[in-house]
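> Provided herewith is a single structure, encoded as structure tokens, for subsequent inquiry.
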Amino acid sequence: MQQIDCPWCGKRNETEFSCGGELISRPQDALGADDKAWTDYLYFRTNTKGVHTEVWRHTFGCRQWFKAERNTLTHQVVNTRKLSEETGEGHGDHG
Amino acid sequence: MPDTVSTGLRRTSPLARYWQGADAARMSAGAVSVEELPFQGVIRLQRREATSAFMNSVADILGAEAPVDPNTCAGESPACLWAAPNEWLLVTAPDKDRALAIALQQRLDEALPGETVAVALLSDARAVLKISGAAARDLLAKGCSLDLDPGQFSYGKCAATLLEQVPVTLYPMANESAYCLMVDRSYAAFIWDWLAHAMREFGEAAKSPDGVSS
Ligand SMILES: [Zn+2]
């Protein structure tokens, strides 16, 4: 089984975690955002083939959300960081 | 068996059906024993931000600093376990929980007037088990993926993890090869039955738990 490196708890079995999907940003100006911005936020994902950034949660451990880079071809989680830390390579933030 | 608390309600262990008269649930097989620590106090303490005023007030009441390193714990009664950033679990002896929760709440109200702090009594929502003996680690390892090697997981550490797919909090106890296991009340009987079955390989049962032939 794959182990995922929780930014707080360290390496734990993947079964302790849940995936929250691709890392996206909510429209900053919620009232001013048009239908396209909301549609993009709610329904459209880049669906990357390869490594992209997702949010994961250590559900059965410290229960914290964090960022994880995952290869969608191999399912390998290659890098994890706290939400407050910068994401490398600028993936994910297309919202 | 039931304990009467100040409300007048009868307190019943989630493992009551495994009690023998007034004796709390216990079982052993070879070099491992499992016993319920009935009616242990459990308090959850949370704040959005652990400022020094907050940490100092907590230390005043506990008599020790609340640990800030993930998955570490301090003290024994109460034991203070890191549960998440800015969140701790306090484990106390039976009937010490209410007084401790009230003392914490009062001290924090004085130190941080008008600010939000959560002090929640979870005692009746948890079952607390002690798993001890030379085979305790091997027994837990049958259902837990945590690295239980004493070099990694010894007294002073704690973890929330899964045991046989059930969410549990686990920590090594001081000065003995024993672990404290906390599980949600409604999973307690399932975990007890699983332990009863899993421990059979470690030897003859000294006392067979109800409903499980050995
Ligand atoms: Zn964690």
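Residues in the structure tokens are numbered from 1 in each chain, the chains being A, B, ... in the order shown, and ligands are numbered from 1 in the order shown.
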Which chains and residue numbers are within 7 Å of ligand 1, counting only C-alpha atoms and all ligand atoms, if I want them as a VMD selection string?

chain A and resid 6 to 10 58 61 to 64

> Give me, as JSON lines, each residue of chain B that comes within 6 Å of chain A, together with its shortest interatomic pair and the distance in Å at one decimal, counting only C-alpha atoms, with rows ordered by chain and rising residue number.


```
{"residue": "B:Pro70", "atom": "CA", "partner": "A:Trp8", "partner_atom": "CA", "distance": 5.9}
{"residue": "B:Ala84", "atom": "CA", "partner": "A:Cys62", "partner_atom": "CA", "distance": 4.8}
{"residue": "B:Ala160", "atom": "CA", "partner": "A:Gly61", "partner_atom": "CA", "distance": 4.6}
{"residue": "B:Thr161", "atom": "CA", "partner": "A:Gly61", "partner_atom": "CA", "distance": 5.2}
{"residue": "B:Pro167", "atom": "CA", "partner": "A:Phe60", "partner_atom": "CA", "distance": 6.0}
```

> Taking into account only C-alpha atoms, which residue in the set B:Pro85, B:Ser13, B:Gln165, B:Met55 is nearest to Trp65 (chain A)?

B:Pro85

> Write out as a count of residues only each polymer residue whose atoms come within 9 Å of Glu65 (chain B), counting only C-alpha atoms; drop sequence neighbours fewer than 6 positions from it.

6

> Leu104 (chain B): which residues within 8 Å, counting only C-alpha atoms, same-chain residues fewer than 4 positions away excluded, as a list of chain:residue names?

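Final neighbour list, sorted by chain and number: B:Ser57, B:Val58, B:Ile61, B:Leu100, B:Leu108, B:Val119.
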
> Keeping only all heavy atoms, write the selected residues to a file as a compact mmCIF listing (two decimals), in the first residue's frame.


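Once everything was written out, this is selection.txt:
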```txt
# COMPACT_ATOMS: atom_id res chain seq x y z
N SER B 57 -2.32 29.66 30.21
CA SER B 57 -3.48 29.35 31.06
C SER B 57 -3.69 27.85 31.16
O SER B 57 -3.99 27.32 32.23
CB SER B 57 -4.75 29.99 30.48
OG SER B 57 -4.58 31.37 30.36
N VAL B 58 -3.53 27.16 30.03
CA VAL B 58 -3.69 25.71 30.02
C VAL B 58 -2.62 25.07 30.91
O VAL B 58 -2.91 24.18 31.73
CB VAL B 58 -3.63 25.16 28.58
CG1 VAL B 58 -3.59 23.64 28.58
CG2 VAL B 58 -4.84 25.66 27.78
N ILE B 61 -3.33 25.21 34.63
CA ILE B 61 -4.31 24.25 35.13
C ILE B 61 -3.77 22.81 35.09
O ILE B 61 -3.96 22.03 36.02
CB ILE B 61 -5.63 24.35 34.33
CG1 ILE B 61 -6.24 25.74 34.49
CG2 ILE B 61 -6.62 23.27 34.76
CD1 ILE B 61 -6.64 26.10 35.90
N LEU B 100 -11.88 19.23 36.09
CA LEU B 100 -10.80 19.75 35.23
C LEU B 100 -11.37 20.62 34.11
O LEU B 100 -10.84 21.70 33.82
CB LEU B 100 -10.00 18.57 34.64
CG LEU B 100 -8.87 18.97 33.70
CD1 LEU B 100 -7.83 19.84 34.41
CD2 LEU B 100 -8.19 17.73 33.11
N LEU B 108 -9.58 30.02 31.44
CA LEU B 108 -9.51 30.57 30.09
C LEU B 108 -10.46 31.76 29.93
O LEU B 108 -10.14 32.73 29.24
CB LEU B 108 -9.82 29.48 29.06
CG LEU B 108 -8.71 28.42 28.95
CD1 LEU B 108 -9.20 27.19 28.20
CD2 LEU B 108 -7.47 28.99 28.26
N VAL B 119 -14.03 23.67 25.21
CA VAL B 119 -13.67 22.65 26.20
C VAL B 119 -14.85 21.67 26.22
O VAL B 119 -15.93 22.02 26.69
CB VAL B 119 -13.48 23.25 27.61
CG1 VAL B 119 -13.09 22.17 28.61
CG2 VAL B 119 -12.42 24.36 27.58
```

> With DSSP run on the backbone, what are the alpha helix (DSSP H) residues within region 6-183 of chain B? I'd like them as a PyMOL selection string.

chain B and resi 52-62+97-111+136-141

> Restricting the output to N, CA, C and O atoms, write the selected residues as a tab-separated table (two decimals), in the first residue's frame.


```
chain	number	residue	atom	x	y	z
B	52	SER	N	0.16	32.63	23.31
B	52	SER	CA	0.89	32.33	24.55
B	52	SER	C	-0.03	32.49	25.76
B	52	SER	O	0.09	31.75	26.74
B	53	ALA	N	-0.98	33.44	25.71
B	53	ALA	CA	-1.92	33.59	26.83
B	53	ALA	C	-2.75	32.32	27.01
B	53	ALA	O	-2.98	31.86	28.14
B	54	PHE	N	-3.15	31.72	25.91
B	54	PHE	CA	-3.91	30.47	25.97
B	54	PHE	C	-3.05	29.34	26.51
B	54	PHE	O	-3.43	28.63	27.45
B	55	MET	N	-1.86	29.19	25.94
B	55	MET	CA	-0.98	28.08	26.34
B	55	MET	C	-0.59	28.20	27.81
B	55	MET	O	-0.52	27.20	28.52
B	56	ASN	N	-0.34	29.43	28.26
B	56	ASN	CA	0.04	29.62	29.66
B	56	ASN	C	-1.11	29.28	30.61
B	56	ASN	O	-0.90	28.68	31.67
B	57	SER	N	-2.32	29.66	30.21
B	57	SER	CA	-3.48	29.35	31.06
B	57	SER	C	-3.69	27.85	31.16
B	57	SER	O	-3.99	27.32	32.23
B	58	VAL	N	-3.53	27.16	30.03
B	58	VAL	CA	-3.69	25.71	30.02
B	58	VAL	C	-2.62	25.07	30.91
B	58	VAL	O	-2.91	24.18	31.73
B	59	ALA	N	-1.38	25.56	30.79
B	59	ALA	CA	-0.29	25.01	31.59
B	59	ALA	C	-0.53	25.24	33.08
B	59	ALA	O	-0.22	24.38	33.91
B	60	ASP	N	-1.11	26.40	33.43
B	60	ASP	CA	-1.43	26.68	34.84
B	60	ASP	C	-2.34	25.61	35.41
B	60	ASP	O	-2.16	25.17	36.55
B	61	ILE	N	-3.33	25.21	34.63
B	61	ILE	CA	-4.31	24.25	35.13
B	61	ILE	C	-3.77	22.81	35.09
B	61	ILE	O	-3.96	22.03	36.02
B	62	LEU	N	-3.09	22.48	33.99
B	62	LEU	CA	-2.60	21.10	33.86
B	62	LEU	C	-1.34	20.86	34.67
B	62	LEU	O	-0.99	19.71	34.97
B	97	ASP	N	-12.88	14.44	35.46
B	97	ASP	CA	-13.03	15.17	34.20
B	97	ASP	C	-13.82	16.47	34.36
B	97	ASP	O	-13.43	17.52	33.84
B	98	ARG	N	-14.94	16.41	35.10
B	98	ARG	CA	-15.78	17.60	35.20
B	98	ARG	C	-15.04	18.75	35.87
B	98	ARG	O	-15.06	19.88	35.41
B	99	ALA	N	-14.37	18.42	36.99
B	99	ALA	CA	-13.66	19.46	37.72
B	99	ALA	C	-12.57	20.08	36.85
B	99	ALA	O	-12.37	21.30	36.83
B	100	LEU	N	-11.88	19.23	36.09
B	100	LEU	CA	-10.80	19.75	35.23
B	100	LEU	C	-11.37	20.62	34.11
B	100	LEU	O	-10.84	21.70	33.82
B	101	ALA	N	-12.47	20.18	33.51
B	101	ALA	CA	-13.08	20.97	32.43
B	101	ALA	C	-13.54	22.32	32.95
B	101	ALA	O	-13.34	23.36	32.30
B	102	ILE	N	-14.14	22.32	34.14
B	102	ILE	CA	-14.64	23.57	34.71
B	102	ILE	C	-13.47	24.50	35.06
B	102	ILE	O	-13.49	25.69	34.77
B	103	ALA	N	-12.40	23.91	35.64
B	103	ALA	CA	-11.24	24.72	35.98
B	103	ALA	C	-10.62	25.34	34.73
B	103	ALA	O	-10.23	26.52	34.72
B	104	LEU	N	-10.52	24.56	33.67
B	104	LEU	CA	-9.97	25.08	32.41
B	104	LEU	C	-10.83	26.20	31.86
B	104	LEU	O	-10.32	27.26	31.47
B	105	GLN	N	-12.14	25.95	31.85
B	105	GLN	CA	-13.05	26.94	31.29
B	105	GLN	C	-12.96	28.25	32.07
B	105	GLN	O	-12.89	29.33	31.48
B	106	GLN	N	-12.92	28.14	33.40
B	106	GLN	CA	-12.87	29.36	34.23
B	106	GLN	C	-11.55	30.11	34.02
B	106	GLN	O	-11.55	31.32	33.84
B	107	ARG	N	-10.46	29.36	34.01
B	107	ARG	CA	-9.16	30.00	33.85
B	107	ARG	C	-9.06	30.68	32.49
B	107	ARG	O	-8.54	31.79	32.35
B	108	LEU	N	-9.58	30.02	31.44
B	108	LEU	CA	-9.51	30.57	30.09
B	108	LEU	C	-10.46	31.76	29.93
B	108	LEU	O	-10.14	32.73	29.24
B	109	ASP	N	-11.61	31.71	30.61
B	109	ASP	CA	-12.53	32.85	30.56
B	109	ASP	C	-11.88	34.08	31.18
B	109	ASP	O	-12.04	35.19	30.68
B	110	GLU	N	-11.13	33.86	32.27
B	110	GLU	CA	-10.44	34.99	32.91
B	110	GLU	C	-9.33	35.53	32.04
B	110	GLU	O	-9.16	36.73	31.88
B	111	ALA	N	-8.56	34.61	31.46
B	111	ALA	CA	-7.37	35.03	30.70
B	111	ALA	C	-7.74	35.59	29.33
B	111	ALA	O	-7.03	36.45	28.80
B	136	ALA	N	1.67	-7.23	23.42
B	136	ALA	CA	0.71	-6.14	23.16
B	136	ALA	C	0.95	-5.50	21.79
B	136	ALA	O	0.02	-5.25	21.02
B	137	ARG	N	2.24	-5.27	21.48
B	137	ARG	CA	2.57	-4.62	20.22
B	137	ARG	C	2.20	-5.51	19.03
B	137	ARG	O	1.65	-5.04	18.04
B	138	ASP	N	2.46	-6.81	19.17
B	138	ASP	CA	2.13	-7.74	18.07
B	138	ASP	C	0.62	-7.81	17.87
B	138	ASP	O	0.15	-7.93	16.73
B	139	LEU	N	-0.11	-7.74	18.96
B	139	LEU	CA	-1.57	-7.78	18.84
B	139	LEU	C	-2.08	-6.55	18.07
B	139	LEU	O	-2.86	-6.68	17.12
B	140	LEU	N	-1.61	-5.38	18.48
B	140	LEU	CA	-2.06	-4.16	17.81
B	140	LEU	C	-1.65	-4.16	16.34
B	140	LEU	O	-2.40	-3.72	15.46
B	141	ALA	N	-0.44	-4.68	16.08
B	141	ALA	CA	0.08	-4.65	14.71
B	141	ALA	C	-0.78	-5.47	13.75
B	141	ALA	O	-0.73	-5.26	12.54
```

> If DSSP is run on the backbone, what residues of region 80-193 of chain B are strand (DSSP E)? A reply as JSON, numbers by chain would be ideal.

{"B": [80, 81, 82, 83, 84, 87, 88, 89, 90, 91, 92, 118, 119, 120, 121, 126, 127, 128, 129, 130, 131, 132, 159, 160, 161, 162, 163, 166, 167, 168, 169, 170, 171, 172, 178, 179, 180, 181, 182, 183, 184]}

> Could you write out that same residue set with C-alpha atoms as a PDB file, in the first residue's frame?


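Result file follows (result_13.pdb):
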```pdb
ATOM      1  CA  CYS B  80      -2.436  15.705  27.444  1.00  0.00           C
ATOM      2  CA  LEU B  81      -2.369  14.437  23.853  1.00  0.00           C
ATOM      3  CA  TRP B  82      -1.766  16.520  20.739  1.00  0.00           C
ATOM      4  CA  ALA B  83      -4.756  15.712  18.510  1.00  0.00           C
ATOM      5  CA  ALA B  84      -4.387  18.284  15.716  1.00  0.00           C
ATOM      6  CA  GLU B  87      -6.360  20.787  19.556  1.00  0.00           C
ATOM      7  CA  TRP B  88      -5.645  18.457  22.481  1.00  0.00           C
ATOM      8  CA  LEU B  89      -7.271  15.519  24.232  1.00  0.00           C
ATOM      9  CA  LEU B  90      -6.971  15.294  28.000  1.00  0.00           C
ATOM     10  CA  VAL B  91      -7.351  11.873  29.586  1.00  0.00           C
ATOM     11  CA  THR B  92      -8.138  11.850  33.304  1.00  0.00           C
ATOM     12  CA  ALA B 118     -13.856  24.906  23.144  1.00  0.00           C
ATOM     13  CA  VAL B 119     -13.673  22.646  26.203  1.00  0.00           C
ATOM     14  CA  ALA B 120     -15.798  19.577  25.496  1.00  0.00           C
ATOM     15  CA  LEU B 121     -16.419  16.607  27.775  1.00  0.00           C
ATOM     16  CA  ARG B 126     -15.337   7.010  24.390  1.00  0.00           C
ATOM     17  CA  ALA B 127     -14.250   3.615  25.626  1.00  0.00           C
ATOM     18  CA  VAL B 128     -10.708   3.449  26.977  1.00  0.00           C
ATOM     19  CA  LEU B 129      -8.787   0.166  26.913  1.00  0.00           C
ATOM     20  CA  LYS B 130      -5.387  -0.825  28.242  1.00  0.00           C
ATOM     21  CA  ILE B 131      -3.511  -3.405  26.194  1.00  0.00           C
ATOM     22  CA  SER B 132      -0.493  -4.776  28.018  1.00  0.00           C
ATOM     23  CA  ALA B 159      -1.489   8.955  17.338  1.00  0.00           C
ATOM     24  CA  ALA B 160      -4.933   8.990  15.868  1.00  0.00           C
ATOM     25  CA  THR B 161      -5.040   6.116  13.395  1.00  0.00           C
ATOM     26  CA  LEU B 162      -7.110   3.126  12.307  1.00  0.00           C
ATOM     27  CA  LEU B 163      -7.331  -0.215  14.101  1.00  0.00           C
ATOM     28  CA  VAL B 166     -11.979   1.779  13.122  1.00  0.00           C
ATOM     29  CA  PRO B 167     -10.749   5.278  14.075  1.00  0.00           C
ATOM     30  CA  VAL B 168      -8.837   5.098  17.351  1.00  0.00           C
ATOM     31  CA  THR B 169      -6.419   7.127  19.442  1.00  0.00           C
ATOM     32  CA  LEU B 170      -3.442   5.164  20.673  1.00  0.00           C
ATOM     33  CA  TYR B 171      -0.560   5.966  23.006  1.00  0.00           C
ATOM     34  CA  PRO B 172       2.082   3.998  24.882  1.00  0.00           C
ATOM     35  CA  ALA B 178       1.254  -1.158  27.702  1.00  0.00           C
ATOM     36  CA  TYR B 179      -0.810   0.923  25.339  1.00  0.00           C
ATOM     37  CA  CYS B 180      -3.864   3.031  25.966  1.00  0.00           C
ATOM     38  CA  LEU B 181      -6.473   2.732  23.231  1.00  0.00           C
ATOM     39  CA  MET B 182      -9.442   5.076  22.919  1.00  0.00           C
ATOM     40  CA  VAL B 183     -12.320   4.256  20.634  1.00  0.00           C
ATOM     41  CA  ASP B 184     -15.709   5.790  19.996  1.00  0.00           C
TER      42      ASP B 184
END
```

> In Å, rounded to a single decimal, give me how far CA of Tyr43 (chain A) is from CA of Arg70 (chain A).

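Answer for the CA of Arg70 (chain A) to CA of Tyr43 (chain A) separation: 20.4 Å.
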
> Nearest to Ser84 (chain A) among A:Thr46, A:Lys67, A:Asp35, A:Ser25, with distances taken over only C-alpha atoms: which residue is it?

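Closest to Ser84 (chain A), using only C-alpha atoms: A:Lys67.
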
> Could you check the closest approach to Arg45 (chain A) for each of A:Ala33, A:Thr80, A:Glu22, A:Arg57 and tell me which residue wins, using only C-alpha atoms?

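With only C-alpha atoms as the atom set, the closest residue is A:Glu22.
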